[in-house]
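> work-v1.pdb is reproduced below (PDB, C-alpha atoms).
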```pdb
ATOM      1  CA  MET A   1     138.967  97.278-108.890
ATOM      2  CA  ALA A   2     139.957  93.832-110.126
ATOM      3  CA  TYR A   3     143.179  92.498-111.598
ATOM      4  CA  GLY A   4     143.862  88.975-112.787
ATOM      5  CA  GLU A   5     144.053  86.583-115.701
ATOM      6  CA  ARG A   6     141.491  85.488-118.262
ATOM      7  CA  ASP A   7     141.738  82.111-119.994
ATOM      8  CA  PHE A   8     140.006  81.790-123.370
ATOM      9  CA  ASP A   9     138.488  78.339-123.827
ATOM     10  CA  ASP A  10     139.454  78.016-127.502
ATOM     11  CA  ASP A  11     143.268  77.919-127.591
ATOM     12  CA  ASP A  12     143.254  77.444-131.382
ATOM     13  CA  GLU A  13     141.438  80.751-131.919
ATOM     14  CA  TYR A  14     144.067  82.698-129.964
ATOM     15  CA  PRO A  15     147.442  80.974-130.412
ATOM     16  CA  GLY A  16     149.974  82.422-127.975
ATOM     17  CA  VAL A  17     147.503  84.919-126.527
ATOM     18  CA  GLN A  18     144.920  82.741-124.790
ATOM     19  CA  ASP A  19     145.772  84.011-121.268
ATOM     20  CA  PRO A  20     145.424  87.812-121.290
ATOM     21  CA  SER A  21     145.762  89.986-118.208
ATOM     22  CA  VAL A  22     142.510  91.640-117.174
ATOM     23  CA  LEU A  23     141.799  94.897-115.363
ATOM     24  CA  GLY A  24     138.291  95.886-114.340
ATOM     25  CA  LEU A  25     136.067  98.171-112.327
ATOM     26  CA  GLU A  26     132.930  96.857-110.690
ATOM     27  CA  PHE A  27     130.094  98.470-108.791
ATOM     28  CA  ASP A  28     127.570  96.570-106.714
ATOM     29  CA  ALA A  29     124.701  97.630-104.494
ATOM     30  CA  TYR A  30     122.305  95.596-102.414
ATOM     31  CA  GLU A  31     119.534  96.109 -99.918
ATOM     32  CA  LEU A  32     120.754  95.324 -96.404
ATOM     33  CA  ARG A  33     117.538  93.580 -95.348
ATOM     34  CA  ARG A  34     117.612  91.034 -98.178
ATOM     35  CA  ASN A  35     121.247  91.064 -99.404
ATOM     36  CA  PHE A  36     120.073  90.898-103.022
ATOM     37  CA  GLY A  37     121.120  93.600-105.399
ATOM     38  CA  TRP A  38     122.647  94.414-108.744
ATOM     39  CA  GLU A  39     126.113  94.819-110.197
ATOM     40  CA  ALA A  40     127.748  96.450-113.209
ATOM     41  CA  SER A  41     131.308  96.189-114.479
ATOM     42  CA  VAL A  42     133.659  97.269-117.213
ATOM     43  CA  GLN A  43     136.724  95.143-117.995
ATOM     44  CA  TYR A  44     139.680  95.309-120.338
ATOM     45  CA  ALA A  45     141.865  92.310-121.222
ATOM     46  CA  GLN A  46     144.998  92.319-123.402
ATOM     47  CA  ASP A  47     147.731  89.905-124.453
ATOM     48  CA  ASP A  48     150.322  89.789-127.203
ATOM     49  CA  ASP A  49     152.762  87.230-128.530
ATOM     50  CA  SER A  50     155.804  88.756-130.192
ATOM     51  CA  ARG A  51     158.042  85.724-129.635
ATOM     52  CA  SER A  52     157.192  84.208-133.001
ATOM     53  CA  PRO A  53     159.805  85.039-135.671
ATOM     54  CA  SER A  54     157.062  85.136-138.284
ATOM     55  CA  GLY A  55     154.969  87.904-136.744
ATOM     56  CA  ARG A  56     153.072  89.299-133.802
ATOM     57  CA  ILE A  57     149.613  88.407-132.465
ATOM     58  CA  ASP A  58     147.623  90.847-130.303
ATOM     59  CA  VAL A  59     144.218  90.392-128.706
ATOM     60  CA  GLU A  60     142.185  92.988-126.798
ATOM     61  CA  THR A  61     138.720  92.671-125.303
ATOM     62  CA  PHE A  62     136.491  95.352-123.834
ATOM     63  CA  GLU A  63     133.531  94.169-121.800
ATOM     64  CA  LEU A  64     130.466  95.807-120.258
ATOM     65  CA  ALA A  65     128.378  93.624-117.954
ATOM     66  CA  ALA A  66     125.347  93.994-115.710
ATOM     67  CA  GLY A  67     123.418  91.548-113.574
ATOM     68  CA  LEU A  68     122.068  90.455-110.217
ATOM     69  CA  ARG A  69     124.063  89.613-107.107
ATOM     70  CA  ARG A  70     123.505  87.868-103.767
ATOM     71  CA  THR A  71     125.887  88.725-100.927
ATOM     72  CA  TRP A  72     125.846  86.860 -97.618
ATOM     73  CA  ARG A  73     126.635  88.846 -94.521
ATOM     74  CA  PRO A  74     129.020  87.372 -91.925
ATOM     75  CA  TYR A  75     126.382  86.703 -89.278
ATOM     76  CA  GLU A  76     124.414  84.520 -91.738
ATOM     77  CA  LEU A  77     127.323  82.096 -92.049
ATOM     78  CA  GLY A  78     128.935  82.422 -88.643
ATOM     79  CA  VAL A  79     132.199  83.585 -90.235
ATOM     80  CA  ARG A  80     133.376  86.922 -88.947
ATOM     81  CA  GLY A  81     134.283  89.550 -91.530
ATOM     82  CA  LEU A  82     133.859  87.355 -94.620
ATOM     83  CA  TYR A  83     131.297  88.232 -97.316
ATOM     84  CA  PRO A  84     130.751  85.457 -99.900
ATOM     85  CA  TYR A  85     128.735  86.342-103.003
ATOM     86  CA  VAL A  86     127.410  84.948-106.269
ATOM     87  CA  GLY A  87     126.276  86.951-109.276
ATOM     88  CA  GLY A  88     125.296  86.592-112.880
ATOM     89  CA  GLY A  89     124.029  88.527-115.836
ATOM     90  CA  ALA A  90     124.702  89.601-119.408
ATOM     91  CA  SER A  91     127.931  90.798-121.048
ATOM     92  CA  LEU A  92     128.612  92.809-124.168
ATOM     93  CA  LEU A  93     132.138  92.192-125.483
ATOM     94  CA  TYR A  94     134.180  93.764-128.229
ATOM     95  CA  THR A  95     137.178  91.654-129.271
ATOM     96  CA  ASP A  96     139.982  92.785-131.572
ATOM     97  CA  LEU A  97     142.460  90.177-132.848
ATOM     98  CA  ASP A  98     145.473  91.325-134.918
ATOM     99  CA  ASP A  99     147.686  88.647-136.444
ATOM    100  CA  SER A 100     150.630  89.992-138.460
ATOM    101  CA  SER A 101     152.142  86.570-139.160
ATOM    102  CA  PRO A 102     152.176  85.312-142.781
ATOM    103  CA  GLY A 103     148.681  84.141-143.608
ATOM    104  CA  GLY A 104     147.464  85.661-140.365
ATOM    105  CA  ASP A 105     144.051  87.224-140.147
ATOM    106  CA  ASP A 106     142.805  90.335-138.394
ATOM    107  CA  ASP A 107     139.336  90.077-136.944
ATOM    108  CA  SER A 108     137.070  92.023-134.628
ATOM    109  CA  ASP A 109     133.684  91.088-133.280
ATOM    110  CA  PHE A 110     130.901  92.199-130.926
ATOM    111  CA  ASP A 111     129.429  89.385-128.833
ATOM    112  CA  VAL A 112     126.712  89.041-126.229
ATOM    113  CA  GLY A 113     127.073  86.396-123.559
ATOM    114  CA  LEU A 114     126.030  85.320-120.090
ATOM    115  CA  TYR A 115     128.343  85.298-117.090
ATOM    116  CA  VAL A 116     128.320  83.799-113.611
ATOM    117  CA  HIS A 117     130.847  84.619-110.924
ATOM    118  CA  PHE A 118     131.399  83.910-107.276
ATOM    119  CA  GLY A 119     133.923  84.774-104.631
ATOM    120  CA  PHE A 120     134.326  86.519-101.332
ATOM    121  CA  TYR A 121     135.596  89.727 -99.892
ATOM    122  CA  ALA A 122     136.743  90.679 -96.431
ATOM    123  CA  GLU A 123     136.611  94.139 -94.895
ATOM    124  CA  PHE A 124     139.662  95.553 -93.223
ATOM    125  CA  PHE A 125     140.148  99.066 -91.899
ATOM    126  CA  ASP A 126     137.090 101.266 -92.326
ATOM    127  CA  HIS A 127     135.323 100.617 -95.620
ATOM    128  CA  ILE A 128     138.291  98.985 -97.401
ATOM    129  CA  ARG A 129     137.790  95.453 -98.696
ATOM    130  CA  TRP A 130     139.825  92.870-100.610
ATOM    131  CA  GLY A 131     138.746  89.618-102.164
ATOM    132  CA  LEU A 132     139.036  86.853-104.737
ATOM    133  CA  ASP A 133     136.693  86.279-107.674
ATOM    134  CA  TYR A 134     136.168  83.468-110.201
ATOM    135  CA  ARG A 135     134.095  84.284-113.282
ATOM    136  CA  PHE A 136     133.096  82.401-116.407
ATOM    137  CA  MET A 137     131.380  83.773-119.479
ATOM    138  CA  ARG A 138     129.789  81.850-122.355
ATOM    139  CA  GLU A 139     128.551  83.250-125.640
ATOM    140  CA  ASP A 140     128.714  80.316-128.105
ATOM    141  CA  PHE A 141     125.118  79.291-127.635
ATOM    142  CA  LEU A 142     123.853  82.835-128.296
ATOM    143  CA  ASP A 143     125.958  83.831-131.288
ATOM    144  CA  GLY A 144     127.443  80.836-133.067
ATOM    145  CA  GLY A 145     129.542  82.983-135.427
ATOM    146  CA  GLY A 146     132.588  85.204-135.197
ATOM    147  CA  LEU A 147     135.338  84.874-132.622
ATOM    148  CA  ASP A 148     134.974  82.427-129.732
ATOM    149  CA  VAL A 149     135.341  84.554-126.610
ATOM    150  CA  ASP A 150     134.197  82.087-123.931
ATOM    151  CA  TYR A 151     136.483  82.446-120.932
ATOM    152  CA  ASP A 152     137.271  81.599-117.324
ATOM    153  CA  GLN A 153     138.812  84.315-115.172
ATOM    154  CA  PHE A 154     140.430  84.683-111.757
ATOM    155  CA  THR A 155     140.927  88.108-110.192
ATOM    156  CA  VAL A 156     142.069  89.711-106.972
ATOM    157  CA  THR A 157     139.857  92.610-105.956
ATOM    158  CA  ILE A 158     140.215  95.680-103.783
ATOM    159  CA  GLY A 159     137.371  98.046-103.098
ATOM    160  CA  TYR A 160     135.731 100.701-101.010
ATOM    161  CA  THR A 161     132.324 100.382 -99.323
ATOM    162  CA  PHE A 162     130.054 103.282 -98.568
TER     163      PHE A 162
END
```
What does this structure look like when you write it as structure tokens?


Amino acid sequence: MAYGERDFDDDDEYPGVQDPSVLGLEFDAYELRRNFGWEASVQYAQDDDSRSPSGRIDVETFELAAGLRRTWRPYELGVRGLYPYVGGGASLLYTDLDDSSPGGDDDSDFDVGLYVHFGFYAEFFDHIRWGLDYRFMREDFLDGGGLDVDYDQFTVTIGYTF
């Protein structure tokens, strides 16, 4: 499970709501002999700005992602208990923007993009792990139309290994 903050690159597209909170679930699996594997995630991000006297702006994104992942085991780096990783793949995003201010516009869009993320996790207790993750996703070069949903994201993770 991951919790953190997403930062949309285009602040003009999302005035007042460019830093939504994000909650996600991620699954990863890799072969112990090679430490290469795959990952899949689902994430939800939401922010609203009701401070404006002229109206309210809400943004929600739902994201499904899948890709490849490389995890280094502690003995490879000489660091006990620390598992750094890097991953990347494709994302499918649905974004819903509601702007109730005068002249505001409601918009929704499906986008496909590419993501890369890296971070580390550490195991503590039996099978419980925590970590930090930085992720960026870009879709401008694939789509060119609709909402600009490029983002950078930082999350704290907690998980279970089996």

> Do you know which residues the PyMOL selection byres ((chain A and resi 126) around 10) returns on this file, as JSON, numbers by chain?

{"A": [123, 124, 125, 127, 128, 129, 160, 161, 162]}

> Write a file of the selected residues as a PDB file, in the frame of the given file, keeping C-alpha atoms.


```pdb
ATOM      1  CA  GLU A 123     136.611  94.139 -94.895  1.00  0.00           C
ATOM      2  CA  PHE A 124     139.662  95.553 -93.223  1.00  0.00           C
ATOM      3  CA  PHE A 125     140.148  99.066 -91.899  1.00  0.00           C
ATOM      4  CA  HIS A 127     135.323 100.617 -95.620  1.00  0.00           C
ATOM      5  CA  ILE A 128     138.291  98.985 -97.401  1.00  0.00           C
ATOM      6  CA  ARG A 129     137.790  95.453 -98.696  1.00  0.00           C
ATOM      7  CA  TYR A 160     135.731 100.701-101.010  1.00  0.00           C
ATOM      8  CA  THR A 161     132.324 100.382 -99.323  1.00  0.00           C
ATOM      9  CA  PHE A 162     130.054 103.282 -98.568  1.00  0.00           C
TER      10      PHE A 162
END
```

> Just say which residues the PyMOL selection byres ((chain A and resi 99) around 8) picks in this file, as a ChimeraX atom specification.

/A:55-58,97-98,100-101,104-106

> Rank nothing, just name the residue among A:Leu82, A:Leu68, A:Glu31, A:Tyr3 nearest to Gln46 in chain A, using all atoms listed in the file.

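The shortest atom-to-atom distance to Gln46 in chain A comes from A:Tyr3.
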
> Evaluate the PyMOL selection byres ((chain A and resi 67) around 6) against this structure - the residues, as a list in words, please.

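Against this file, the PyMOL selection byres ((chain A and resi 67) around 6) returns the residues Trp38, Glu39, Ala66, Leu68, Gly88 and Gly89 of chain A.
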
> Would you work out the distance separating CA of Tyr85 in chain A from CA of Leu132 in chain A, expressed in Å to one decimal?

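Atom-to-atom, CA of Tyr85 in chain A to CA of Leu132 in chain A, that is 10.5 Å.
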
> Might I get the box with edges along x, y and z of the file that holds all atoms of range 85-103 of chain A listed there, padded by 5 Å on every side, given as centre and edge lengths in Å to one decimal, as JSON?


```
{"center_x": 138.1, "center_y": 89.0, "center_z": -123.3, "size_x": 38.1, "size_y": 19.6, "size_z": 50.6}
```

> Name the closest residue to Gln153 in chain A among the candidates A:Leu93, A:Ala29, A:Ser21, A:Met1; distances are taken between atoms, counting only C-alpha atoms.

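Nearest to Gln153 in chain A: A:Ser21.
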
> From the list A:Leu64, A:Gly37, A:Arg69, A:Gln43, which residue is nearest Phe110 in chain A when using all atoms listed in the file?

A:Leu64

> Would you mind listing what lies within 6 Å of Gly113 in chain A as a list in words, with all atoms listed in the file counted and same-chain residues fewer than 6 positions away left out?

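Selected residues are Ala90, Ser91, Arg138 and Glu139 of chain A.
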
> Determine, counting all atoms listed in the file, which protein, DNA and RNA residues have an atom within 12 Å of an atom of Arg80 in chain A; residues of the same chain fewer than 6 positions away are not included. Present the result as a list in words.

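Neighbouring residues, sequence-local ones excluded: Trp72, Arg73, Pro74, Tyr121, Ala122, Glu123 and Phe124 of chain A.
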
> Could you check which of A:Phe36, A:Tyr75, A:Tyr83, A:Tyr94 is closest to Glu60 in chain A, using only C-alpha atoms?

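So, comparing all the options, the nearest one is A:Tyr94.
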
> What does the distance between CA of Asp109 in chain A and CA of Asp49 in chain A come to in Å, to one decimal place?

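Taking CA of Asp109 in chain A as the start and CA of Asp49 in chain A as the end point, the length is 20.0 Å.
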
> Report, in Å to a single decimal, how far apart CA of Tyr44 in chain A and CA of Leu23 in chain A are.

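Computed distance, CA of Leu23 in chain A to CA of Tyr44 in chain A, equals 5.4 Å.
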